[in-house]
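Next comes model-v6.csv, a file with CSV, C-alpha atoms.
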```
chain,number,residue,atom,x,y,z
L,1,MET,CA,117.2,-85.2,-147.5
L,2,TRP,CA,120.0,-83.7,-145.5
L,3,ARG,CA,122.5,-84.5,-148.2
L,4,LYS,CA,120.3,-82.7,-150.7
L,5,ILE,CA,120.1,-79.6,-148.4
L,6,LEU,CA,123.8,-79.7,-147.9
L,7,SER,CA,124.3,-80.0,-151.7
L,8,ILE,CA,122.1,-77.0,-152.3
L,9,LEU,CA,124.0,-75.0,-149.6
L,10,PHE,CA,127.3,-76.0,-151.1
L,11,ASP,CA,126.2,-75.2,-154.7
L,12,PHE,CA,124.8,-71.8,-153.8
L,13,TYR,CA,127.1,-70.9,-150.9
L,14,ASP,CA,127.9,-67.4,-152.4
L,15,TYR,CA,124.2,-66.5,-152.5
L,16,PHE,CA,123.7,-67.8,-148.9
L,17,LEU,CA,126.7,-65.8,-147.8
L,18,LEU,CA,125.2,-62.6,-149.4
L,19,ILE,CA,121.9,-63.2,-147.6
L,20,LEU,CA,123.8,-63.7,-144.3
L,21,LEU,CA,125.8,-60.5,-144.8
L,22,ILE,CA,122.6,-58.5,-145.6
L,23,PHE,CA,120.9,-60.0,-142.6
L,24,ILE,CA,123.9,-59.0,-140.4
L,25,SER,CA,123.8,-55.5,-141.9
L,26,PHE,CA,120.1,-55.1,-141.2
L,27,LEU,CA,120.8,-56.3,-137.6
L,28,ILE,CA,123.4,-53.6,-137.2
L,29,LEU,CA,121.1,-51.0,-138.8
L,30,PHE,CA,118.3,-51.8,-136.4
L,31,MET,CA,120.8,-51.6,-133.4
L,32,ASN,CA,122.1,-48.2,-134.6
L,33,GLU,CA,121.0,-46.4,-131.5
L,34,ALA,CA,122.2,-49.0,-129.0
L,35,PRO,CA,124.7,-47.3,-126.6
L,36,GLU,CA,127.0,-50.4,-126.6
L,37,LEU,CA,127.3,-50.2,-130.4
L,38,ARG,CA,127.8,-46.4,-130.3
L,39,SER,CA,130.5,-46.8,-127.7
L,40,PHE,CA,132.2,-49.5,-129.8
L,41,GLN,CA,131.9,-47.2,-132.9
L,42,GLY,CA,133.6,-44.4,-130.9
L,43,ASP,CA,136.5,-46.8,-130.0
L,44,VAL,CA,137.0,-47.9,-133.6
L,45,ALA,CA,136.9,-44.2,-134.8
L,46,ASP,CA,139.7,-43.6,-132.2
L,47,VAL,CA,141.9,-46.4,-133.7
L,48,PHE,CA,141.4,-45.0,-137.2
L,49,SER,CA,141.7,-41.3,-136.3
L,50,PHE,CA,145.2,-41.2,-137.9
L,51,ILE,CA,143.5,-41.5,-141.3
L,52,HIS,CA,142.1,-38.0,-141.0
L,53,PHE,CA,145.5,-36.3,-140.4
L,54,PRO,CA,146.5,-35.7,-144.1
L,55,GLY,CA,143.1,-34.2,-144.8
L,56,ILE,CA,143.3,-31.9,-141.8
L,57,TRP,CA,146.8,-30.8,-142.7
L,58,LEU,CA,145.8,-29.9,-146.2
L,59,ASP,CA,142.6,-28.2,-145.1
L,60,GLU,CA,144.6,-26.1,-142.6
L,61,LEU,CA,147.2,-25.2,-145.2
L,62,SER,CA,144.8,-24.1,-147.8
L,63,GLY,CA,142.4,-22.4,-145.4
L,64,LEU,CA,144.9,-20.5,-143.4
L,65,LEU,CA,145.4,-17.5,-145.7
L,66,LYS,CA,141.7,-17.2,-146.4
L,67,GLU,CA,140.8,-17.5,-142.8
L,68,ASN,CA,143.4,-14.9,-141.8
L,69,GLU,CA,141.9,-12.4,-144.2
L,70,ALA,CA,138.3,-13.2,-143.1
L,71,LEU,CA,139.3,-13.0,-139.4
L,72,LYS,CA,140.8,-9.5,-139.9
L,73,GLN,CA,137.6,-8.3,-141.4
L,74,GLU,CA,135.5,-10.0,-138.7
L,75,ASN,CA,137.8,-8.6,-136.0
L,76,LEU,CA,137.2,-5.0,-137.2
L,77,GLN,CA,133.4,-5.6,-137.3
L,78,LEU,CA,133.4,-7.2,-133.9
L,79,LYS,CA,135.4,-4.4,-132.3
L,80,LEU,CA,132.8,-1.9,-133.5
L,81,GLN,CA,129.9,-4.1,-132.3
L,82,ASN,CA,131.6,-4.8,-129.0
L,83,VAL,CA,131.2,-1.3,-127.8
L,84,GLU,CA,127.5,-1.4,-128.6
L,85,PHE,CA,127.1,-4.8,-126.9
L,86,LYS,CA,129.1,-3.8,-123.8
L,87,GLU,CA,126.6,-0.9,-123.3
L,88,ALA,CA,123.7,-3.3,-123.7
L,89,TYR,CA,125.3,-5.9,-121.4
L,90,LEU,CA,125.9,-3.3,-118.6
L,91,GLU,CA,122.3,-2.1,-119.0
L,92,ASN,CA,121.1,-5.7,-119.0
L,93,ARG,CA,123.0,-6.5,-115.8
L,94,ARG,CA,121.6,-3.4,-114.1
L,95,LEU,CA,118.1,-4.4,-115.0
L,96,LYS,CA,118.6,-8.0,-114.0
L,97,LYS,CA,119.9,-6.9,-110.7
L,98,MET,CA,116.9,-4.7,-110.2
L,99,LEU,CA,114.6,-7.7,-111.1
L,100,GLY,CA,116.6,-10.1,-108.9
L,101,PHE,CA,117.6,-12.5,-111.8
L,102,LEU,CA,120.6,-14.8,-111.6
L,103,ASP,CA,123.2,-14.8,-114.3
L,104,SER,CA,122.5,-17.9,-116.3
L,105,THR,CA,124.9,-17.8,-119.2
L,106,ALA,CA,127.9,-19.7,-117.8
L,107,TYR,CA,128.3,-22.6,-120.3
L,108,GLU,CA,131.0,-25.2,-119.7
L,109,ILE,CA,132.4,-25.8,-123.2
L,110,VAL,CA,135.1,-27.9,-124.8
L,111,PRO,CA,136.6,-26.5,-128.1
L,112,ALA,CA,137.1,-29.1,-130.8
L,113,LYS,CA,138.5,-29.5,-134.3
L,114,VAL,CA,136.4,-31.1,-137.0
L,115,ILE,CA,138.5,-33.9,-138.4
L,116,ASN,CA,136.0,-35.3,-140.9
L,117,ARG,CA,132.8,-34.2,-142.5
L,118,GLY,CA,131.7,-37.5,-144.0
L,119,THR,CA,132.2,-38.8,-147.5
L,120,THR,CA,128.6,-39.1,-148.8
L,121,PRO,CA,126.6,-36.2,-150.3
L,122,ILE,CA,124.1,-36.7,-147.5
L,123,ALA,CA,126.7,-36.5,-144.7
L,124,ASN,CA,124.8,-36.7,-141.5
L,125,SER,CA,127.7,-36.7,-139.1
L,126,ILE,CA,131.0,-35.1,-138.5
L,127,LEU,CA,134.0,-36.3,-136.4
L,128,LEU,CA,135.5,-34.2,-133.7
L,129,ASN,CA,139.0,-34.6,-132.2
L,130,VAL,CA,137.8,-34.6,-128.6
L,131,GLY,CA,136.3,-37.6,-126.6
L,132,LYS,CA,135.9,-39.2,-123.2
L,133,ASN,CA,139.3,-37.8,-122.2
L,134,GLU,CA,137.9,-34.3,-122.4
L,135,GLY,CA,134.7,-35.3,-120.5
L,136,ILE,CA,132.5,-35.7,-123.6
L,137,THR,CA,129.4,-38.0,-123.3
L,138,PRO,CA,126.7,-38.8,-125.8
L,139,ASN,CA,123.8,-36.3,-126.3
L,140,LEU,CA,125.7,-33.0,-125.7
L,141,ALA,CA,125.0,-30.0,-127.9
L,142,VAL,CA,127.7,-29.0,-130.5
L,143,ILE,CA,127.8,-25.4,-131.7
L,144,SER,CA,130.0,-23.1,-133.7
L,145,ILE,CA,130.4,-19.4,-133.5
L,146,LYS,CA,127.7,-19.2,-136.3
L,147,GLY,CA,125.2,-21.4,-134.5
L,148,ILE,CA,124.0,-24.8,-133.8
L,149,ILE,CA,125.8,-27.8,-135.4
L,150,GLY,CA,124.2,-30.9,-133.8
L,151,LYS,CA,124.7,-33.3,-130.9
L,152,THR,CA,127.3,-35.9,-129.9
L,153,ILE,CA,126.3,-39.5,-130.6
L,154,ALA,CA,129.3,-41.9,-130.5
L,155,VAL,CA,132.1,-41.1,-128.1
L,156,GLY,CA,135.6,-42.6,-128.1
L,157,ASP,CA,138.5,-41.7,-125.9
L,158,LYS,CA,139.9,-39.2,-128.4
L,159,THR,CA,137.2,-38.7,-131.0
L,160,THR,CA,133.5,-38.0,-131.1
L,161,GLN,CA,130.9,-38.5,-133.8
L,162,CYS,CA,128.4,-35.8,-134.0
L,163,GLN,CA,125.0,-35.9,-135.7
L,164,ILE,CA,124.6,-32.7,-137.6
L,165,PHE,CA,121.5,-30.6,-138.1
L,166,GLN,CA,121.5,-31.3,-141.8
L,167,ASP,CA,120.6,-34.9,-141.1
L,168,VAL,CA,117.0,-35.3,-142.4
L,169,ASN,CA,116.2,-37.2,-139.2
L,170,PHE,CA,117.3,-34.3,-137.0
L,171,ARG,CA,114.6,-32.5,-135.0
L,172,LEU,CA,115.1,-29.4,-132.9
L,173,SER,CA,112.8,-27.3,-130.7
L,174,VAL,CA,113.1,-23.6,-131.7
L,175,LYS,CA,111.6,-20.2,-131.1
L,176,PHE,CA,111.4,-17.2,-133.3
L,177,GLN,CA,113.4,-14.3,-131.7
L,178,ASN,CA,110.9,-11.5,-132.4
L,179,SER,CA,107.5,-13.2,-132.4
L,180,ARG,CA,108.5,-15.7,-129.6
L,181,VAL,CA,106.6,-18.5,-131.4
L,182,LEU,CA,107.7,-22.0,-130.8
L,183,GLY,CA,108.1,-24.8,-133.3
L,184,ILE,CA,110.0,-27.9,-134.4
L,185,VAL,CA,112.6,-27.5,-137.1
L,186,MET,CA,113.2,-30.2,-139.7
L,187,TRP,CA,116.0,-30.0,-142.2
L,188,GLN,CA,115.7,-30.6,-145.9
L,189,SER,CA,118.1,-32.0,-148.4
L,190,ASP,CA,118.8,-28.6,-150.0
L,191,GLY,CA,120.4,-27.3,-146.8
L,192,SER,CA,117.4,-25.2,-145.8
L,193,ALA,CA,115.0,-26.2,-143.0
L,194,VAL,CA,111.3,-25.8,-142.3
L,195,VAL,CA,109.3,-25.0,-139.3
L,196,ARG,CA,105.7,-26.2,-139.9
L,197,GLU,CA,102.4,-25.6,-138.1
L,198,ILE,CA,103.0,-22.0,-137.0
L,199,PRO,CA,99.7,-20.3,-136.0
L,200,ASN,CA,98.5,-17.8,-138.6
L,201,THR,CA,98.3,-15.2,-136.0
L,202,ALA,CA,102.1,-15.1,-135.5
L,203,GLU,CA,103.8,-12.4,-137.4
L,204,ILE,CA,107.0,-13.8,-138.8
L,205,HIS,CA,109.1,-12.0,-141.4
L,206,PRO,CA,112.2,-12.9,-143.5
L,207,GLY,CA,115.4,-12.0,-141.7
L,208,GLU,CA,114.1,-12.9,-138.2
L,209,LEU,CA,116.5,-15.1,-136.2
L,210,VAL,CA,115.5,-18.6,-135.1
L,211,LEU,CA,116.9,-19.7,-131.7
L,212,THR,CA,116.9,-22.9,-129.7
L,213,SER,CA,113.9,-22.8,-127.4
L,214,GLY,CA,115.5,-24.2,-124.3
L,215,TYR,CA,112.8,-26.9,-123.9
L,216,SER,CA,115.4,-29.6,-124.4
L,217,LYS,CA,117.8,-31.5,-122.1
L,218,ILE,CA,120.5,-31.3,-124.8
L,219,TYR,CA,120.4,-27.8,-126.3
L,220,PRO,CA,120.6,-24.7,-124.1
L,221,PRO,CA,118.3,-21.8,-124.9
L,222,ASN,CA,119.1,-18.9,-127.3
L,223,ILE,CA,121.7,-20.6,-129.5
L,224,ILE,CA,121.3,-19.4,-133.1
L,225,VAL,CA,119.8,-22.0,-135.4
L,226,GLY,CA,119.3,-19.9,-138.5
L,227,GLU,CA,117.4,-17.1,-140.1
L,228,VAL,CA,114.0,-17.0,-141.7
L,229,ILE,CA,114.2,-16.7,-145.5
L,230,GLU,CA,110.6,-17.3,-146.5
L,231,VAL,CA,107.2,-17.6,-144.9
L,232,TYR,CA,104.4,-19.3,-146.7
L,233,GLN,CA,100.9,-20.5,-146.1
L,234,ALA,CA,99.1,-23.4,-147.9
L,235,GLU,CA,95.5,-22.7,-149.0
L,236,ASN,CA,92.8,-23.5,-146.5
L,237,GLU,CA,95.3,-24.3,-143.8
L,238,PRO,CA,95.2,-22.7,-140.4
L,239,PHE,CA,98.9,-22.8,-140.1
L,240,GLN,CA,101.9,-21.2,-141.9
L,241,SER,CA,105.4,-22.5,-142.5
L,242,ALA,CA,108.8,-20.8,-142.4
L,243,ILE,CA,111.8,-21.8,-144.4
L,244,ILE,CA,115.0,-21.1,-142.5
L,245,ARG,CA,118.6,-21.2,-143.5
L,246,SER,CA,121.5,-21.9,-141.1
L,247,ASN,CA,124.6,-19.6,-141.1
L,248,ALA,CA,126.8,-22.5,-140.0
L,249,ASP,CA,128.1,-24.2,-143.2
L,250,ILE,CA,129.0,-27.8,-142.5
L,251,ASN,CA,131.1,-28.0,-145.6
L,252,THR,CA,133.5,-25.4,-144.4
L,253,ILE,CA,133.3,-25.7,-140.7
L,254,GLU,CA,136.7,-26.4,-139.0
L,255,GLU,CA,136.1,-25.6,-135.3
L,256,ALA,CA,133.2,-26.5,-133.0
L,257,PHE,CA,132.4,-26.3,-129.3
L,258,VAL,CA,130.8,-29.1,-127.2
L,259,ILE,CA,128.6,-27.8,-124.4
L,260,LEU,CA,129.3,-29.9,-121.3
L,261,SER,CA,126.8,-28.1,-119.1
L,262,TYR,CA,124.7,-25.0,-119.0
A,263,MET,CA,150.1,-62.7,-146.9
A,264,LYS,CA,151.7,-60.3,-149.4
A,265,LYS,CA,148.4,-59.9,-151.2
A,266,PHE,CA,146.6,-59.3,-147.9
A,267,LEU,CA,149.0,-56.5,-147.0
A,268,ILE,CA,148.7,-55.0,-150.5
A,269,LEU,CA,144.9,-55.0,-150.1
A,270,ILE,CA,145.2,-53.2,-146.7
A,271,GLY,CA,147.5,-50.7,-148.4
A,272,PHE,CA,145.0,-50.0,-151.2
A,273,SER,CA,142.1,-49.8,-148.7
A,274,LEU,CA,143.9,-47.1,-146.7
A,275,LEU,CA,144.8,-45.3,-149.9
A,276,ALA,CA,141.1,-45.4,-151.0
A,277,ILE,CA,140.0,-44.0,-147.7
A,278,LEU,CA,142.6,-41.3,-148.0
A,279,LEU,CA,141.5,-40.4,-151.5
A,280,GLN,CA,137.9,-40.3,-150.4
A,281,LEU,CA,138.7,-38.0,-147.5
A,282,VAL,CA,141.3,-35.7,-149.1
A,283,VAL,CA,140.8,-35.8,-152.9
A,284,ALA,CA,137.1,-36.5,-153.4
A,285,PRO,CA,136.0,-33.2,-151.6
A,286,TRP,CA,138.0,-31.3,-154.3
A,287,PHE,CA,135.9,-32.8,-157.0
A,288,SER,CA,132.6,-32.3,-155.2
A,289,ILE,CA,129.8,-30.8,-157.3
A,290,GLN,CA,126.8,-29.8,-155.3
A,291,GLY,CA,127.9,-32.3,-152.6
A,292,ILE,CA,128.2,-35.1,-155.2
A,293,LYS,CA,131.6,-36.8,-154.9
A,294,PRO,CA,133.1,-39.8,-156.7
A,295,ASP,CA,133.3,-42.9,-154.5
A,296,PHE,CA,136.8,-44.3,-154.5
A,297,ILE,CA,135.9,-46.9,-151.9
A,298,LEU,CA,133.1,-48.4,-154.1
A,299,VAL,CA,135.5,-48.5,-157.1
A,300,LEU,CA,138.1,-50.4,-155.1
A,301,VAL,CA,135.4,-52.9,-153.8
A,302,MET,CA,134.4,-53.5,-157.4
A,303,PHE,CA,138.0,-54.1,-158.6
A,304,VAL,CA,138.6,-56.5,-155.8
A,305,ALA,CA,135.4,-58.4,-156.7
A,306,ILE,CA,136.4,-58.5,-160.4
A,307,LEU,CA,139.8,-59.9,-159.4
A,308,TYR,CA,138.9,-62.4,-156.7
A,309,GLY,CA,135.2,-63.2,-157.4
A,310,ARG,CA,131.9,-63.0,-155.6
A,311,VAL,CA,132.8,-64.5,-152.3
A,312,TYR,CA,135.8,-62.4,-151.6
A,313,GLY,CA,134.1,-59.4,-153.3
A,314,GLN,CA,131.2,-59.4,-151.0
A,315,LEU,CA,133.2,-60.2,-147.9
A,316,TYR,CA,135.6,-57.4,-148.7
A,317,GLY,CA,132.7,-55.0,-149.4
A,318,PHE,CA,131.1,-55.9,-146.1
A,319,GLY,CA,134.2,-55.5,-144.1
A,320,PHE,CA,135.4,-52.4,-145.7
A,321,GLY,CA,131.9,-50.9,-145.6
A,322,LEU,CA,131.6,-51.6,-141.9
A,323,ILE,CA,135.0,-50.0,-141.2
A,324,VAL,CA,133.9,-46.9,-143.2
A,325,ASP,CA,130.6,-46.8,-141.2
A,326,MET,CA,132.5,-47.3,-137.9
A,327,ILE,CA,135.0,-44.5,-138.5
A,328,GLY,CA,132.2,-42.1,-139.2
A,329,ILE,CA,132.7,-41.4,-142.8
A,330,GLY,CA,129.7,-43.4,-144.0
A,331,SER,CA,126.1,-43.1,-143.1
A,332,PHE,CA,123.9,-45.2,-140.8
A,333,LEU,CA,126.0,-47.9,-139.1
A,334,GLY,CA,125.7,-51.1,-141.3
A,335,LEU,CA,124.4,-49.3,-144.4
A,336,SER,CA,127.7,-49.0,-146.3
A,337,ALA,CA,128.5,-52.6,-145.2
A,338,MET,CA,125.3,-53.8,-146.8
A,339,VAL,CA,125.4,-51.9,-150.1
A,340,LYS,CA,129.1,-52.6,-150.6
A,341,SER,CA,128.7,-56.3,-150.0
A,342,ILE,CA,125.9,-56.3,-152.6
A,343,ALA,CA,128.1,-54.4,-155.1
A,344,GLY,CA,131.0,-56.8,-154.4
A,345,PHE,CA,128.7,-59.7,-155.0
A,346,LEU,CA,127.4,-58.4,-158.3
A,347,ALA,CA,130.8,-57.2,-159.6
A,348,GLY,CA,132.2,-60.6,-158.7
A,349,TYR,CA,130.2,-62.0,-161.6
A,350,LEU,CA,132.8,-60.4,-163.9
A,351,LYS,CA,135.6,-62.6,-162.5
A,352,GLY,CA,137.1,-64.5,-165.4
A,353,ARG,CA,134.4,-63.2,-167.8
A,354,ARG,CA,135.9,-59.7,-168.2
A,355,ASN,CA,137.6,-60.4,-171.5
A,356,ARG,CA,134.5,-62.0,-172.9
A,357,PHE,CA,132.6,-58.7,-172.9
A,358,ASN,CA,133.3,-55.7,-175.0
A,359,SER,CA,133.9,-52.4,-173.3
A,360,PHE,CA,130.4,-51.1,-173.8
A,361,THR,CA,128.8,-54.2,-172.2
A,362,LEU,CA,131.3,-54.2,-169.3
A,363,TYR,CA,130.8,-50.6,-168.5
A,364,THR,CA,127.0,-50.8,-168.8
A,365,PHE,CA,127.1,-53.7,-166.3
A,366,THR,CA,129.3,-51.8,-163.9
A,367,CYS,CA,127.1,-48.7,-164.2
A,368,PHE,CA,124.1,-50.8,-163.3
A,369,ILE,CA,125.9,-52.2,-160.2
A,370,ILE,CA,126.8,-48.6,-159.1
A,371,PHE,CA,123.3,-47.4,-159.8
A,372,PHE,CA,121.8,-50.3,-157.8
A,373,HIS,CA,124.3,-49.7,-154.9
A,374,TYR,CA,123.2,-46.0,-154.7
A,375,LEU,CA,119.5,-46.9,-155.1
A,376,ILE,CA,119.5,-49.1,-152.0
A,377,PHE,CA,121.8,-46.6,-150.1
A,378,PHE,CA,119.6,-43.6,-150.7
A,379,LEU,CA,116.3,-45.4,-150.3
A,380,ILE,CA,117.3,-46.7,-146.8
A,381,ASN,CA,119.0,-43.4,-145.8
A,382,PHE,CA,115.9,-41.3,-146.7
A,383,HIS,CA,113.3,-43.9,-145.7
A,384,SER,CA,112.0,-41.7,-142.9
A,385,THR,CA,111.4,-38.6,-145.2
A,386,ASP,CA,108.7,-37.8,-147.7
A,387,TYR,CA,111.1,-37.5,-150.7
A,388,THR,CA,109.9,-39.3,-153.8
A,389,ILE,CA,112.0,-41.9,-155.5
A,390,GLN,CA,112.1,-39.6,-158.6
A,391,PHE,CA,113.6,-36.8,-156.6
A,392,LEU,CA,116.2,-39.1,-155.0
A,393,VAL,CA,117.1,-40.5,-158.5
A,394,VAL,CA,117.6,-37.1,-160.1
A,395,ARG,CA,119.2,-35.4,-157.1
A,396,TYR,CA,121.5,-38.1,-155.8
A,397,ILE,CA,121.4,-41.5,-157.4
A,398,LEU,CA,122.0,-40.6,-161.1
A,399,PRO,CA,124.7,-37.9,-160.4
A,400,GLU,CA,126.6,-40.2,-158.0
A,401,THR,CA,126.3,-43.1,-160.5
A,402,ILE,CA,127.7,-41.1,-163.4
A,403,TYR,CA,130.5,-39.6,-161.3
A,404,THR,CA,131.6,-43.0,-159.8
A,405,SER,CA,131.2,-44.8,-163.1
A,406,VAL,CA,133.5,-42.3,-164.8
A,407,LEU,CA,136.0,-42.9,-162.0
A,408,PHE,CA,135.7,-46.6,-162.5
A,409,ILE,CA,136.3,-46.3,-166.3
A,410,VAL,CA,139.3,-44.0,-165.8
A,411,PHE,CA,140.9,-46.5,-163.3
A,412,ASP,CA,140.0,-49.5,-165.5
A,413,TYR,CA,141.6,-47.7,-168.5
A,414,ILE,CA,144.8,-46.9,-166.5
A,415,LEU,CA,145.0,-50.5,-165.3
A,416,SER,CA,144.5,-51.9,-168.8
A,417,LEU,CA,147.3,-49.7,-170.1
A,418,SER,CA,149.7,-50.9,-167.3
A,419,ASN,CA,148.7,-54.5,-168.1
A,420,ASP,CA,149.6,-54.0,-171.7
```
structure tokens encoding of this file:
Amino acid sequence: MWRKILSILFDFYDYFLLILLIFISFLILFMNEAPELRSFQGDVADVFSFIHFPGIWLDELSGLLKENEALKQENLQLKLQNVEFKEAYLENRRLKKMLGFLDSTAYEIVPAKVINRGTTPIANSILLNVGKNEGITPNLAVISIKGIIGKTIAVGDKTTQCQIFQDVNFRLSVKFQNSRVLGIVMWQSDGSAVVREIPNTAEIHPGELVLTSGYSKIYPPNIIVGEVIEVYQAENEPFQSAIIRSNADINTIEEAFVILSY
Amino acid sequence: MKKFLILIGFSLLAILLQLVVAPWFSIQGIKPDFILVLVMFVAILYGRVYGQLYGFGFGLIVDMIGIGSFLGLSAMVKSIAGFLAGYLKGRRNRFNSFTLYTFTCFIIFFHYLIFFLINFHSTDYTIQFLVVRYILPETIYTSVLFIVFDYILSLSND
């Protein structure tokens, strides 16, 4: 009997090996969120971080001239806007003082470089060149100057893996800037996102900004998430849905900021 | 030992190509998969056992260093691809080019089918959408890459 089993095992050992490898893979897949595994992943990413250097170097080289030109234009626009914002800021401070509010916008941030954006078309994570050495821990918000990017998930000493908003499993509590309506945003594979179950009474228009709601331990309030591009309502439904598009393009992003505290 | 070092060298090269070269050829986010092509060549050269072990190990490293998807997913699909491609060890010259490339296309398609089905399991995308949007374009792109490399290798062997 045992000899027969051993003989079968020996004859089909390549098949049994495949079953074993698939079983181990499933085990790892089911343990994806385990902190120990994430920590180990961060350490491995650290060891292999040198692999990303040629890509970063080429990216920087090709992007430098374009970036310089874009920055010049942006600088001019920002200078013009700055005067306007300064006026509004001073007015806001005066009004806050009158109402007795405390200044609540002091974020502690760590700037980071994006050293990898994933290799699959459904990239759901990016790698940053900061880690435990800079005080990064899992579940911190990651933003760019154009808005929200995602959150930290696996942290090594020198690198951090960040789950990006384009991941179809990513959920974010948001509010519409003008109408003040709250909702949960879910991303779609075409790069846009949808906020469903918005009451029909809410007046939402294309162009309206969508911000983080602040009802989260990870994301601070009022970080730009995107802009409404379409509002639609299914027949006989008491709710409407809004399609939003993020300004932050993961395919071109080079710098990011990790919010340590807010 | 020498073979092992050569394999590590090729593995690093494949990762570099995937990170540096593949984004230049990206069409609507669809990129050729240098890593999968290498796994298949290793399996064709060394057989099922080494093919699947190499696919598993390489896939796991790819997942670990954050250029894959869910941790363990690349390991699984690449070990399956290595296992299937290993069937061609020693049989390669028995098939004509059409049969060989049809079989490799099937392996690549199957690899992406499992990959995208698991990756999008929590969404309401239909399988038709996944096939048209991701699986077929990725299969075509990576198959072309495999055929090009196979042609170059056959020329160098001649």
Give me the residues of chain L that have any atom at most 8 Å from an atom of chain A; for each, the nearest atom pair and the distance in Å, rounded to one decimal. Use all atoms listed in the file, sort by chain and number, and format it as a Markdown table.
```
| residue | atom | partner | partner_atom | distance |
| --- | --- | --- | --- | --- |
| L:Asp14 | CA | A:Val311 | CA | 5.7 |
| L:Leu17 | CA | A:Val311 | CA | 7.7 |
| L:Leu18 | CA | A:Gln314 | CA | 7.0 |
| L:Leu21 | CA | A:Met338 | CA | 7.0 |
| L:Ile22 | CA | A:Met338 | CA | 5.6 |
| L:Ser25 | CA | A:Gly334 | CA | 4.8 |
| L:Phe26 | CA | A:Gly334 | CA | 6.9 |
| L:Ile28 | CA | A:Gly334 | CA | 5.3 |
| L:Leu29 | CA | A:Gly334 | CA | 5.2 |
| L:Asn32 | CA | A:Leu333 | CA | 6.0 |
| L:Gln41 | CA | A:Met326 | CA | 5.0 |
| L:Gly42 | CA | A:Met326 | CA | 7.7 |
| L:Val44 | CA | A:Met326 | CA | 6.3 |
| L:Ala45 | CA | A:Ile327 | CA | 4.2 |
| L:Asp46 | CA | A:Ile327 | CA | 7.9 |
| L:Phe48 | CA | A:Ile327 | CA | 6.5 |
| L:Ser49 | CA | A:Ile327 | CA | 7.7 |
| L:Ile51 | CA | A:Leu278 | CA | 6.8 |
| L:His52 | CA | A:Leu281 | CA | 7.3 |
| L:Pro54 | CA | A:Val282 | CA | 7.2 |
| L:Gly55 | CA | A:Val282 | CA | 4.9 |
| L:Leu58 | CA | A:Val282 | CA | 7.9 |
| L:Asn116 | CA | A:Ile329 | CA | 7.2 |
| L:Arg117 | CA | A:Ile329 | CA | 7.2 |
| L:Gly118 | CA | A:Ile329 | CA | 4.2 |
| L:Thr119 | CA | A:Ile329 | CA | 5.4 |
| L:Thr120 | CA | A:Gly330 | CA | 6.5 |
| L:Pro121 | CA | A:Gly291 | CA | 4.7 |
| L:Ile122 | CA | A:Gly291 | CA | 7.7 |
| L:Ala123 | CA | A:Ser331 | CA | 6.8 |
| L:Asn124 | CA | A:Ser331 | CA | 6.7 |
| L:Ser125 | CA | A:Gly328 | CA | 7.0 |
| L:Ile126 | CA | A:Gly328 | CA | 7.1 |
| L:Leu127 | CA | A:Gly328 | CA | 6.7 |
| L:Gln161 | CA | A:Gly328 | CA | 6.6 |
| L:Val168 | CA | A:Thr385 | CA | 7.1 |
| L:Asn169 | CA | A:Ser384 | CA | 7.2 |
```
Exercise. Of the residues L:Leu80, L:Val231, L:Ile164, L:Val194, which is the one nearest to Gly150 (chain L), using only C-alpha atoms?
Worked result: L:Ile164
For this session: For CA of Ile268 (chain A) and CA of His373 (chain A), quote the distance in Å rounded to one decimal.
Result: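 These atoms are spaced 25.4 Å apart.
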For this session: Work out how far apart CA of Arg171 (chain L) and CA of Pro238 (chain L) are and give it in Å to one decimal.
Result: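 According to the coordinates, CA of Arg171 (chain L) and CA of Pro238 (chain L) are separated by 22.4 Å.
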Exercise. CA of Ile109 (chain L) and CA of Asp157 (chain L), how far apart in Å?
Worked result: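 That distance, rounded to one decimal, is 17.2 Å.
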Residues near Glu36 (chain L), cut-off 12 Å, all atoms listed in the file, skip fewer than 3 positions along chain, as a CSV table (one decimal) with C-alpha atoms, in the frame of the given file:
```
chain,number,residue,atom,x,y,z
L,28,ILE,CA,123.4,-53.6,-137.2
L,31,MET,CA,120.8,-51.6,-133.4
L,32,ASN,CA,122.1,-48.2,-134.6
L,33,GLU,CA,121.0,-46.4,-131.5
L,39,SER,CA,130.5,-46.8,-127.7
L,40,PHE,CA,132.2,-49.5,-129.8
L,41,GLN,CA,131.9,-47.2,-132.9
L,42,GLY,CA,133.6,-44.4,-130.9
L,43,ASP,CA,136.5,-46.8,-130.0
L,138,PRO,CA,126.7,-38.8,-125.8
L,153,ILE,CA,126.3,-39.5,-130.6
L,154,ALA,CA,129.3,-41.9,-130.5
L,155,VAL,CA,132.1,-41.1,-128.1
L,156,GLY,CA,135.6,-42.6,-128.1
```
Problem set entry | Nearest candidate to Gly271 (chain A) (options A:Phe357, A:Ser418, A:Leu350, A:Leu300; using only C-alpha atoms) |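 Of the candidates, the smallest distance to Gly271 (chain A) is held by A:Leu300.
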